[in-house]
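Text of the file start_22.pdb, holding PDB, C-alpha atoms, pLDDT in the B column:
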ATOM      1  CA  ASP A   1    -155.145-157.168 -12.024  1.00 56.00           C
ATOM      2  CA  GLY A   2    -155.507-158.864 -15.399  1.00 65.00           C
ATOM      3  CA  GLY A   3    -156.204-162.538 -15.800  1.00 93.00           C
ATOM      4  CA  ILE A   4    -158.638-165.370 -16.312  1.00 95.00           C
ATOM      5  CA  THR A   5    -161.068-166.470 -13.635  1.00 96.00           C
ATOM      6  CA  GLN A   6    -162.992-169.727 -13.501  1.00 96.00           C
ATOM      7  CA  SER A   7    -165.761-170.571 -11.111  1.00 92.00           C
ATOM      8  CA  PRO A   8    -166.504-172.588  -9.181  1.00 92.00           C
ATOM      9  CA  LYS A   9    -163.220-174.282  -8.246  1.00 94.00           C
ATOM     10  CA  TYR A  10    -165.030-177.526  -7.371  1.00 94.00           C
ATOM     11  CA  LEU A  11    -168.390-178.642  -8.734  1.00 93.00           C
ATOM     12  CA  PHE A  12    -170.477-181.700  -7.968  1.00 92.00           C
ATOM     13  CA  ARG A  13    -173.283-182.852 -10.208  1.00 90.00           C
ATOM     14  CA  LYS A  14    -175.771-185.660 -10.127  1.00 90.00           C
ATOM     15  CA  GLU A  15    -176.110-187.845 -13.173  1.00 88.00           C
ATOM     16  CA  GLY A  16    -178.648-186.485 -15.638  1.00 88.00           C
ATOM     17  CA  GLN A  17    -178.119-182.834 -14.717  1.00 91.00           C
ATOM     18  CA  ASN A  18    -176.701-180.097 -16.888  1.00 93.00           C
ATOM     19  CA  VAL A  19    -174.107-177.825 -15.311  1.00 94.00           C
ATOM     20  CA  THR A  20    -172.457-174.594 -16.486  1.00 96.00           C
ATOM     21  CA  LEU A  21    -168.836-173.654 -15.847  1.00 96.00           C
ATOM     22  CA  SER A  22    -167.912-169.991 -15.872  1.00 97.00           C
ATOM     23  CA  CYS A  23    -164.870-168.432 -17.563  1.00 97.00           C
ATOM     24  CA  GLU A  24    -164.169-164.698 -17.567  1.00 97.00           C
ATOM     25  CA  GLN A  25    -161.115-162.792 -18.817  1.00 97.00           C
ATOM     26  CA  ASN A  26    -160.126-159.128 -18.596  1.00 96.00           C
ATOM     27  CA  LEU A  27    -157.106-159.384 -20.882  1.00 94.00           C
ATOM     28  CA  ASN A  28    -159.016-158.013 -23.879  1.00 93.00           C
ATOM     29  CA  HIS A  29    -158.242-161.229 -25.751  1.00 94.00           C
ATOM     30  CA  ASP A  30    -160.260-162.130 -28.824  1.00 93.00           C
ATOM     31  CA  ALA A  31    -159.866-165.913 -28.635  1.00 93.00           C
ATOM     32  CA  MET A  32    -161.038-168.214 -25.843  1.00 94.00           C
ATOM     33  CA  TYR A  33    -160.784-171.970 -25.395  1.00 94.00           C
ATOM     34  CA  TRP A  34    -162.099-174.823 -23.252  1.00 97.00           C
ATOM     35  CA  TYR A  35    -159.994-177.890 -22.516  1.00 97.00           C
ATOM     36  CA  ARG A  36    -160.578-181.072 -20.588  1.00 97.00           C
ATOM     37  CA  GLN A  37    -157.788-182.793 -18.639  1.00 96.00           C
ATOM     38  CA  ASP A  38    -157.963-186.382 -17.401  1.00 94.00           C
ATOM     39  CA  PRO A  39    -155.336-188.014 -15.150  1.00 86.00           C
ATOM     40  CA  GLY A  40    -152.170-188.943 -17.026  1.00 80.00           C
ATOM     41  CA  GLN A  41    -153.382-187.339 -20.236  1.00 83.00           C
ATOM     42  CA  GLY A  42    -152.705-184.121 -22.031  1.00 86.00           C
ATOM     43  CA  LEU A  43    -155.320-181.434 -22.474  1.00 93.00           C
ATOM     44  CA  ARG A  44    -157.974-182.039 -25.097  1.00 94.00           C
ATOM     45  CA  LEU A  45    -159.790-179.194 -26.830  1.00 94.00           C
ATOM     46  CA  ILE A  46    -163.575-179.060 -26.366  1.00 96.00           C
ATOM     47  CA  TYR A  47    -164.589-175.766 -28.017  1.00 96.00           C
ATOM     48  CA  TYR A  48    -162.914-172.554 -29.067  1.00 93.00           C
ATOM     49  CA  SER A  49    -164.028-169.102 -30.118  1.00 94.00           C
ATOM     50  CA  GLN A  50    -162.031-166.624 -32.174  1.00 91.00           C
ATOM     51  CA  ILE A  51    -164.533-163.748 -31.966  1.00 92.00           C
ATOM     52  CA  VAL A  52    -167.781-162.849 -30.269  1.00 94.00           C
ATOM     53  CA  ASN A  53    -170.864-164.762 -31.443  1.00 95.00           C
ATOM     54  CA  ASP A  54    -168.733-167.386 -33.191  1.00 94.00           C
ATOM     55  CA  PHE A  55    -167.297-170.688 -31.940  1.00 95.00           C
ATOM     56  CA  GLN A  56    -166.045-173.984 -33.332  1.00 93.00           C
ATOM     57  CA  LYS A  57    -165.995-177.554 -32.102  1.00 95.00           C
ATOM     58  CA  GLY A  58    -162.729-178.974 -30.901  1.00 92.00           C
ATOM     59  CA  ASP A  59    -161.704-182.614 -30.748  1.00 91.00           C
ATOM     60  CA  ILE A  60    -164.199-183.744 -28.086  1.00 95.00           C
ATOM     61  CA  ALA A  61    -167.263-181.451 -28.375  1.00 96.00           C
ATOM     62  CA  GLU A  62    -169.948-184.140 -27.985  1.00 96.00           C
ATOM     63  CA  GLY A  63    -172.019-183.596 -24.841  1.00 95.00           C
ATOM     64  CA  TYR A  64    -170.861-179.995 -24.387  1.00 97.00           C
ATOM     65  CA  SER A  65    -172.197-176.597 -25.469  1.00 97.00           C
ATOM     66  CA  VAL A  66    -170.849-173.047 -25.315  1.00 98.00           C
ATOM     67  CA  SER A  67    -171.867-169.457 -26.011  1.00 97.00           C
ATOM     68  CA  ARG A  68    -169.851-166.297 -26.699  1.00 97.00           C
ATOM     69  CA  GLU A  69    -172.176-163.346 -26.268  1.00 97.00           C
ATOM     70  CA  LYS A  70    -169.505-161.102 -24.749  1.00 96.00           C
ATOM     71  CA  LYS A  71    -165.808-160.794 -25.506  1.00 96.00           C
ATOM     72  CA  GLU A  72    -164.819-161.409 -21.883  1.00 97.00           C
ATOM     73  CA  SER A  73    -167.030-164.424 -21.183  1.00 98.00           C
ATOM     74  CA  PHE A  74    -167.096-167.984 -22.555  1.00 98.00           C
ATOM     75  CA  PRO A  75    -169.284-170.299 -20.423  1.00 98.00           C
ATOM     76  CA  LEU A  76    -169.242-174.066 -20.945  1.00 97.00           C
ATOM     77  CA  THR A  77    -172.305-176.246 -20.321  1.00 97.00           C
ATOM     78  CA  VAL A  78    -171.741-179.918 -19.615  1.00 95.00           C
ATOM     79  CA  THR A  79    -174.946-181.652 -20.631  1.00 93.00           C
ATOM     80  CA  SER A  80    -176.409-184.959 -19.529  1.00 88.00           C
ATOM     81  CA  ALA A  81    -175.371-186.322 -22.925  1.00 87.00           C
ATOM     82  CA  GLN A  82    -171.715-186.263 -21.873  1.00 88.00           C
ATOM     83  CA  LYS A  83    -171.054-189.874 -20.880  1.00 87.00           C
ATOM     84  CA  ASN A  84    -168.026-189.369 -18.655  1.00 90.00           C
ATOM     85  CA  PRO A  85    -167.957-185.744 -17.458  1.00 93.00           C
ATOM     86  CA  THR A  86    -165.811-186.146 -14.342  1.00 95.00           C
ATOM     87  CA  ALA A  87    -162.602-184.256 -15.175  1.00 95.00           C
ATOM     88  CA  PHE A  88    -160.606-181.078 -14.669  1.00 96.00           C
ATOM     89  CA  TYR A  89    -161.762-178.289 -17.003  1.00 97.00           C
ATOM     90  CA  LEU A  90    -159.452-175.486 -18.066  1.00 97.00           C
ATOM     91  CA  CYS A  91    -160.311-172.261 -19.837  1.00 97.00           C
ATOM     92  CA  ALA A  92    -157.732-170.264 -21.799  1.00 94.00           C
ATOM     93  CA  SER A  93    -157.533-167.107 -23.857  1.00 94.00           C
ATOM     94  CA  SER A  94    -155.175-165.523 -26.360  1.00 91.00           C
ATOM     95  CA  LEU A  95    -154.880-162.717 -28.831  1.00 88.00           C
ATOM     96  CA  ALA A  96    -156.365-163.880 -32.098  1.00 75.00           C
ATOM     97  CA  GLY A  97    -153.239-164.853 -33.999  1.00 64.00           C
ATOM     98  CA  ALA A  98    -151.958-168.402 -34.322  1.00 57.00           C
ATOM     99  CA  ALA A  99    -148.561-167.301 -33.008  1.00 66.00           C
ATOM    100  CA  ASP A 100    -149.921-165.990 -29.709  1.00 78.00           C
ATOM    101  CA  THR A 101    -149.404-167.445 -26.258  1.00 84.00           C
ATOM    102  CA  GLN A 102    -152.413-168.995 -24.545  1.00 88.00           C
ATOM    103  CA  TYR A 103    -153.047-167.987 -20.934  1.00 91.00           C
ATOM    104  CA  PHE A 104    -154.906-170.361 -18.653  1.00 94.00           C
ATOM    105  CA  GLY A 105    -157.339-170.001 -15.794  1.00 96.00           C
ATOM    106  CA  PRO A 106    -157.050-171.968 -12.519  1.00 95.00           C
ATOM    107  CA  GLY A 107    -159.488-174.686 -13.595  1.00 96.00           C
ATOM    108  CA  THR A 108    -162.730-176.247 -12.350  1.00 97.00           C
ATOM    109  CA  ARG A 109    -162.825-179.811 -11.083  1.00 96.00           C
ATOM    110  CA  LEU A 110    -166.167-181.423 -11.936  1.00 95.00           C
ATOM    111  CA  THR A 111    -167.269-184.600 -10.202  1.00 94.00           C
ATOM    112  CA  VAL A 112    -170.385-186.513 -11.158  1.00 90.00           C
ATOM    113  CA  LEU A 113    -171.931-188.354  -8.224  1.00 86.00           C
TER     114      LEU A 113
ATOM    115  CA  LYS E   1    -153.158-186.100 -37.154  1.00 84.00           C
ATOM    116  CA  GLN E   2    -150.560-184.441 -34.966  1.00 90.00           C
ATOM    117  CA  GLU E   3    -149.370-186.537 -32.035  1.00 92.00           C
ATOM    118  CA  VAL E   4    -147.263-185.121 -29.221  1.00 95.00           C
ATOM    119  CA  THR E   5    -145.279-187.411 -26.943  1.00 96.00           C
ATOM    120  CA  GLN E   6    -143.359-186.681 -23.756  1.00 97.00           C
ATOM    121  CA  ILE E   7    -140.972-189.249 -22.386  1.00 94.00           C
ATOM    122  CA  PRO E   8    -140.407-190.028 -19.560  1.00 93.00           C
ATOM    123  CA  ALA E   9    -143.779-189.640 -17.849  1.00 94.00           C
ATOM    124  CA  ALA E  10    -142.036-189.028 -14.520  1.00 96.00           C
ATOM    125  CA  LEU E  11    -138.577-187.967 -13.410  1.00 95.00           C
ATOM    126  CA  SER E  12    -136.878-187.513 -10.046  1.00 96.00           C
ATOM    127  CA  VAL E  13    -133.580-185.658  -9.596  1.00 96.00           C
ATOM    128  CA  PRO E  14    -131.573-184.337  -6.644  1.00 97.00           C
ATOM    129  CA  GLU E  15    -131.436-180.603  -6.114  1.00 97.00           C
ATOM    130  CA  GLY E  16    -128.752-178.878  -8.166  1.00 97.00           C
ATOM    131  CA  GLU E  17    -128.841-181.256 -11.130  1.00 97.00           C
ATOM    132  CA  ASN E  18    -129.810-180.005 -14.555  1.00 96.00           C
ATOM    133  CA  LEU E  19    -133.185-181.159 -15.865  1.00 96.00           C
ATOM    134  CA  VAL E  20    -133.686-182.280 -19.457  1.00 97.00           C
ATOM    135  CA  LEU E  21    -137.276-182.759 -20.622  1.00 97.00           C
ATOM    136  CA  ASN E  22    -138.150-184.125 -24.046  1.00 97.00           C
ATOM    137  CA  CYS E  23    -141.050-183.514 -26.395  1.00 98.00           C
ATOM    138  CA  SER E  24    -141.568-185.092 -29.815  1.00 98.00           C
ATOM    139  CA  PHE E  25    -144.221-184.419 -32.456  1.00 97.00           C
ATOM    140  CA  THR E  26    -145.152-186.217 -35.650  1.00 96.00           C
ATOM    141  CA  ASP E  27    -145.992-183.374 -38.074  1.00 92.00           C
ATOM    142  CA  SER E  28    -143.323-180.697 -38.578  1.00 90.00           C
ATOM    143  CA  ALA E  29    -145.814-178.181 -40.073  1.00 90.00           C
ATOM    144  CA  ILE E  30    -146.287-176.213 -36.867  1.00 91.00           C
ATOM    145  CA  TYR E  31    -146.687-172.511 -36.085  1.00 88.00           C
ATOM    146  CA  ASN E  32    -144.969-172.705 -32.722  1.00 91.00           C
ATOM    147  CA  LEU E  33    -144.265-174.872 -29.691  1.00 94.00           C
ATOM    148  CA  GLN E  34    -145.010-173.882 -26.137  1.00 94.00           C
ATOM    149  CA  TRP E  35    -143.802-175.250 -22.794  1.00 97.00           C
ATOM    150  CA  PHE E  36    -146.063-175.014 -19.755  1.00 96.00           C
ATOM    151  CA  ARG E  37    -145.756-175.756 -16.063  1.00 97.00           C
ATOM    152  CA  GLN E  38    -148.669-177.169 -14.050  1.00 96.00           C
ATOM    153  CA  ASP E  39    -148.748-177.464 -10.264  1.00 95.00           C
ATOM    154  CA  PRO E  40    -151.130-180.059  -8.742  1.00 91.00           C
ATOM    155  CA  GLY E  41    -154.771-179.026  -9.077  1.00 89.00           C
ATOM    156  CA  LYS E  42    -153.852-175.745 -10.782  1.00 91.00           C
ATOM    157  CA  GLY E  43    -153.996-174.204 -14.226  1.00 92.00           C
ATOM    158  CA  LEU E  44    -151.106-173.987 -16.664  1.00 93.00           C
ATOM    159  CA  THR E  45    -148.394-171.354 -16.592  1.00 94.00           C
ATOM    160  CA  SER E  46    -146.650-170.553 -19.865  1.00 92.00           C
ATOM    161  CA  LEU E  47    -142.870-170.887 -19.600  1.00 96.00           C
ATOM    162  CA  LEU E  48    -141.530-170.430 -23.117  1.00 95.00           C
ATOM    163  CA  LEU E  49    -142.925-170.112 -26.624  1.00 92.00           C
ATOM    164  CA  ILE E  50    -140.746-170.903 -29.634  1.00 93.00           C
ATOM    165  CA  GLN E  51    -141.935-169.755 -33.052  1.00 91.00           C
ATOM    166  CA  SER E  52    -141.421-172.182 -35.933  1.00 91.00           C
ATOM    167  CA  SER E  53    -138.677-169.952 -37.366  1.00 92.00           C
ATOM    168  CA  GLN E  54    -136.685-170.002 -34.120  1.00 94.00           C
ATOM    169  CA  ARG E  55    -134.229-172.599 -32.846  1.00 95.00           C
ATOM    170  CA  GLU E  56    -134.353-171.763 -29.154  1.00 96.00           C
ATOM    171  CA  GLN E  57    -135.707-169.494 -26.437  1.00 96.00           C
ATOM    172  CA  THR E  58    -134.254-168.667 -23.044  1.00 96.00           C
ATOM    173  CA  SER E  59    -135.687-167.275 -19.838  1.00 95.00           C
ATOM    174  CA  GLY E  60    -133.547-167.285 -16.723  1.00 97.00           C
ATOM    175  CA  ARG E  61    -132.616-170.881 -15.882  1.00 97.00           C
ATOM    176  CA  LEU E  62    -134.861-172.214 -18.651  1.00 97.00           C
ATOM    177  CA  ASN E  63    -133.808-172.907 -22.207  1.00 97.00           C
ATOM    178  CA  ALA E  64    -135.947-174.576 -24.846  1.00 97.00           C
ATOM    179  CA  SER E  65    -134.742-175.765 -28.234  1.00 97.00           C
ATOM    180  CA  LEU E  66    -136.741-176.673 -31.316  1.00 97.00           C
ATOM    181  CA  ASP E  67    -135.731-178.947 -34.193  1.00 96.00           C
ATOM    182  CA  LYS E  68    -138.671-179.049 -36.578  1.00 93.00           C
ATOM    183  CA  SER E  69    -137.034-181.368 -39.068  1.00 93.00           C
ATOM    184  CA  SER E  70    -136.668-184.119 -36.472  1.00 95.00           C
ATOM    185  CA  GLY E  71    -139.897-183.232 -34.645  1.00 96.00           C
ATOM    186  CA  ARG E  72    -138.251-182.584 -31.300  1.00 97.00           C
ATOM    187  CA  SER E  73    -138.060-179.977 -28.574  1.00 98.00           C
ATOM    188  CA  THR E  74    -136.056-180.075 -25.373  1.00 98.00           C
ATOM    189  CA  LEU E  75    -136.559-178.018 -22.231  1.00 98.00           C
ATOM    190  CA  TYR E  76    -133.464-177.535 -20.086  1.00 97.00           C
ATOM    191  CA  ILE E  77    -133.740-176.322 -16.511  1.00 97.00           C
ATOM    192  CA  ALA E  78    -130.372-175.456 -15.007  1.00 97.00           C
ATOM    193  CA  ALA E  79    -129.476-176.068 -11.362  1.00 97.00           C
ATOM    194  CA  SER E  80    -132.843-177.527 -10.366  1.00 97.00           C
ATOM    195  CA  GLN E  81    -134.533-176.496  -7.107  1.00 97.00           C
ATOM    196  CA  PRO E  82    -137.318-178.149  -5.065  1.00 97.00           C
ATOM    197  CA  GLY E  83    -139.610-175.349  -6.283  1.00 97.00           C
ATOM    198  CA  ASP E  84    -139.206-176.704  -9.816  1.00 97.00           C
ATOM    199  CA  SER E  85    -141.235-179.776  -8.834  1.00 98.00           C
ATOM    200  CA  ALA E  86    -144.293-179.786 -11.091  1.00 97.00           C
ATOM    201  CA  THR E  87    -145.644-181.320 -14.278  1.00 96.00           C
ATOM    202  CA  TYR E  88    -144.224-179.875 -17.488  1.00 97.00           C
ATOM    203  CA  LEU E  89    -146.311-180.023 -20.652  1.00 97.00           C
ATOM    204  CA  CYS E  90    -145.371-179.186 -24.196  1.00 97.00           C
ATOM    205  CA  ALA E  91    -147.891-178.188 -26.849  1.00 95.00           C
ATOM    206  CA  VAL E  92    -147.559-177.608 -30.576  1.00 94.00           C
ATOM    207  CA  ARG E  93    -149.748-175.197 -32.493  1.00 90.00           C
ATOM    208  CA  ASP E  94    -150.993-176.213 -35.893  1.00 81.00           C
ATOM    209  CA  TRP E  95    -154.086-175.098 -37.827  1.00 71.00           C
ATOM    210  CA  GLY E  96    -154.967-172.710 -35.008  1.00 67.00           C
ATOM    211  CA  LYS E  97    -155.165-175.360 -32.286  1.00 81.00           C
ATOM    212  CA  LEU E  98    -152.785-176.462 -29.557  1.00 88.00           C
ATOM    213  CA  GLN E  99    -152.020-180.191 -29.357  1.00 91.00           C
ATOM    214  CA  PHE E 100    -150.688-181.217 -25.950  1.00 94.00           C
ATOM    215  CA  GLY E 101    -148.427-183.965 -24.730  1.00 96.00           C
ATOM    216  CA  ALA E 102    -149.365-185.843 -21.553  1.00 95.00           C
ATOM    217  CA  GLY E 103    -146.589-184.154 -19.572  1.00 96.00           C
ATOM    218  CA  THR E 104    -143.545-185.119 -17.534  1.00 97.00           C
ATOM    219  CA  GLN E 105    -143.980-185.075 -13.758  1.00 96.00           C
ATOM    220  CA  VAL E 106    -140.798-183.782 -12.137  1.00 98.00           C
ATOM    221  CA  VAL E 107    -139.757-184.158  -8.508  1.00 97.00           C
ATOM    222  CA  VAL E 108    -136.648-182.351  -7.281  1.00 97.00           C
ATOM    223  CA  THR E 109    -135.482-183.766  -3.952  1.00 96.00           C
ATOM    224  CA  PRO E 110    -133.604-181.577  -1.426  1.00 93.00           C
TER     225      PRO E 110
END
Written form, structure tokens:
Amino acid sequence: DGGITQSPKYLFRKEGQNVTLSCEQNLNHDAMYWYRQDPGQGLRLIYYSQIVNDFQKGDIAEGYSVSREKKESFPLTVTSAQKNPTAFYLCASSLAGAADTQYFGPGTRLTVL
Amino acid sequence: KQEVTQIPAALSVPEGENLVLNCSFTDSAIYNLQWFRQDPGKGLTSLLLIQSSQREQTSGRLNASLDKSSGRSTLYIAASQPGDSATYLCAVRDWGKLQFGAGTQVVVTP
């Protein structure tokens, strides 16, 4: 059953802690993306990766880090430098071309206590 | 910088009416435009993708049009059902990145 999985579904973090969100896909897609969604706003791009071992900053990369060591995995770390991390985080993947549809995972809701 | 706007932010219609959702964008140099559906607390489901060379796409009760010159796209949902209640987002692709609108929240009342 092909798709994108994100874990955990809900995540709570204390201020000052780093936390890592998981994203895995078995669609054999080259490109993967991380977005942040806040209430009443559209999705904003955090980081994206077109191929393994390469990634680029999106519009709001400050306070976040990523790695792409395997084609199927693209974990996102929310660091203590991120001033307002409480949000809904969505991972997506696509074939590499600009014309390709992006497919989304179910999301992780992060709450900072 | 590309800006994507969806008006209205919320919409309520009785079951059976046709839905018309609007999306506007400021830069017509796009690769494609995509419409998504999002249920509360869930990820996004792709509904339709229109390439920049196309004028419209259809899938079942859904039809999306694209007018690049005026920077507009419209999503039509025929004969709405309560199951169509969700938030609908449009996104334009330029320079390899998707730029999203804030969405239109739709409620279809029985």
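Using all atoms listed in the file, the smallest distance between any of A:Thr108, A:Asn53, A:Ser67, A:Gln25 and Ser93 (chain A) comes from A:Gln25.
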Hits from the PyMOL selection byres ((chain E) within 12 of (chain A)), listed as a ChimeraX atom specification:
/E:1,3-6,9-10,30-53,87-105
Output of the PyMOL selection byres ((chain A and resi 74) around 12), listed as a VMD selection string:
chain A and resid 4 to 7 20 to 26 29 to 34 47 to 55 65 to 73 75 to 77 90 to 93
How many Å separate CA of Gln81 (chain E) from CA of Leu19 (chain E)?
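Rounded to one decimal, the two atoms are 10.0 Å apart.
Taking CA of Leu21 (chain E) and CA of Ile7 (chain E) as endpoints, the distance between them is 7.7 Å.
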Interatomic distance (Å, one decimal) between CA of Ala64 (chain E) and CA of Asn18 (chain E)
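It comes out at 13.2 Å.
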Considering only C-alpha atoms, state which residue in the set E:Gly71, E:Gly83, E:Leu62, E:Glu56 is at the smallest distance from Gln2 (chain E).
E:Gly71
Identify the residues within 9 Å of coordinate (-134.6, -179.3, -22.7) (same frame as the file), considering all atoms listed in the file, and give the answer as number ranges by chain.
E: 19-23, 62-65, 73-77
Determine the residue set returned by the PyMOL selection byres ((chain E and resi 14) around 10) for the present structure, and present it as a PyMOL selection string.
chain E and resi 12-13+15-19+79-82+107-110
Box along x, y and z, 5 Å on every side, all listed atoms of region 65-69 of chain E inside: centre and edge lengths in Å to one decimal, as AutoDock Vina command-line options.
--center_x -136.7 --center_y -178.6 --center_z -33.7 --size_x 13.9 --size_y 15.6 --size_z 20.8
Kindly output region 28-42 of chain A as a compact mmCIF listing (two decimals), keeping the file's coordinate frame, after building N, CA, C and O atoms.
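Dumped to out.txt:
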# COMPACT_ATOMS: atom_id res chain seq x y z
N ASN A 28 -158.62 -158.55 -22.56
CA ASN A 28 -159.02 -158.01 -23.88
C ASN A 28 -158.59 -158.95 -25.02
O ASN A 28 -158.27 -158.49 -26.12
N HIS A 29 -158.59 -160.24 -24.73
CA HIS A 29 -158.24 -161.23 -25.75
C HIS A 29 -159.44 -161.56 -26.63
O HIS A 29 -160.57 -161.62 -26.15
N ASP A 30 -159.18 -161.77 -27.91
CA ASP A 30 -160.26 -162.13 -28.82
C ASP A 30 -160.63 -163.60 -28.73
O ASP A 30 -161.78 -163.96 -28.87
N ALA A 31 -159.63 -164.47 -28.56
CA ALA A 31 -159.87 -165.91 -28.64
C ALA A 31 -159.97 -166.52 -27.24
O ALA A 31 -159.24 -166.14 -26.31
N MET A 32 -160.88 -167.48 -27.10
CA MET A 32 -161.04 -168.21 -25.84
C MET A 32 -161.23 -169.69 -26.14
O MET A 32 -161.72 -170.05 -27.23
N TYR A 33 -160.84 -170.53 -25.18
CA TYR A 33 -160.78 -171.97 -25.40
C TYR A 33 -161.26 -172.70 -24.14
O TYR A 33 -161.06 -172.23 -23.02
N TRP A 34 -161.82 -173.90 -24.34
CA TRP A 34 -162.10 -174.82 -23.25
C TRP A 34 -161.38 -176.13 -23.51
O TRP A 34 -161.48 -176.70 -24.62
N TYR A 35 -160.69 -176.61 -22.46
CA TYR A 35 -159.99 -177.89 -22.52
C TYR A 35 -160.48 -178.79 -21.39
O TYR A 35 -160.89 -178.31 -20.33
N ARG A 36 -160.31 -180.08 -21.61
CA ARG A 36 -160.58 -181.07 -20.59
C ARG A 36 -159.27 -181.81 -20.32
O ARG A 36 -158.53 -182.14 -21.25
N GLN A 37 -158.99 -182.05 -19.02
CA GLN A 37 -157.79 -182.79 -18.64
C GLN A 37 -158.18 -183.97 -17.77
O GLN A 37 -158.86 -183.82 -16.75
N ASP A 38 -157.76 -185.17 -18.17
CA ASP A 38 -157.96 -186.38 -17.40
C ASP A 38 -156.61 -186.85 -16.87
O ASP A 38 -155.56 -186.56 -17.47
N PRO A 39 -156.61 -187.60 -15.77
CA PRO A 39 -155.34 -188.01 -15.15
C PRO A 39 -154.41 -188.72 -16.13
O PRO A 39 -154.85 -189.62 -16.85
N GLY A 40 -153.16 -188.30 -16.17
CA GLY A 40 -152.17 -188.94 -17.03
C GLY A 40 -152.30 -188.62 -18.50
O GLY A 40 -151.61 -189.21 -19.33
N GLN A 41 -153.19 -187.69 -18.83
CA GLN A 41 -153.38 -187.34 -20.24
C GLN A 41 -153.12 -185.86 -20.45
O GLN A 41 -153.21 -185.05 -19.53
N GLY A 42 -152.83 -185.53 -21.68
CA GLY A 42 -152.71 -184.12 -22.03
C GLY A 42 -154.07 -183.47 -22.11
O GLY A 42 -155.10 -184.11 -21.97
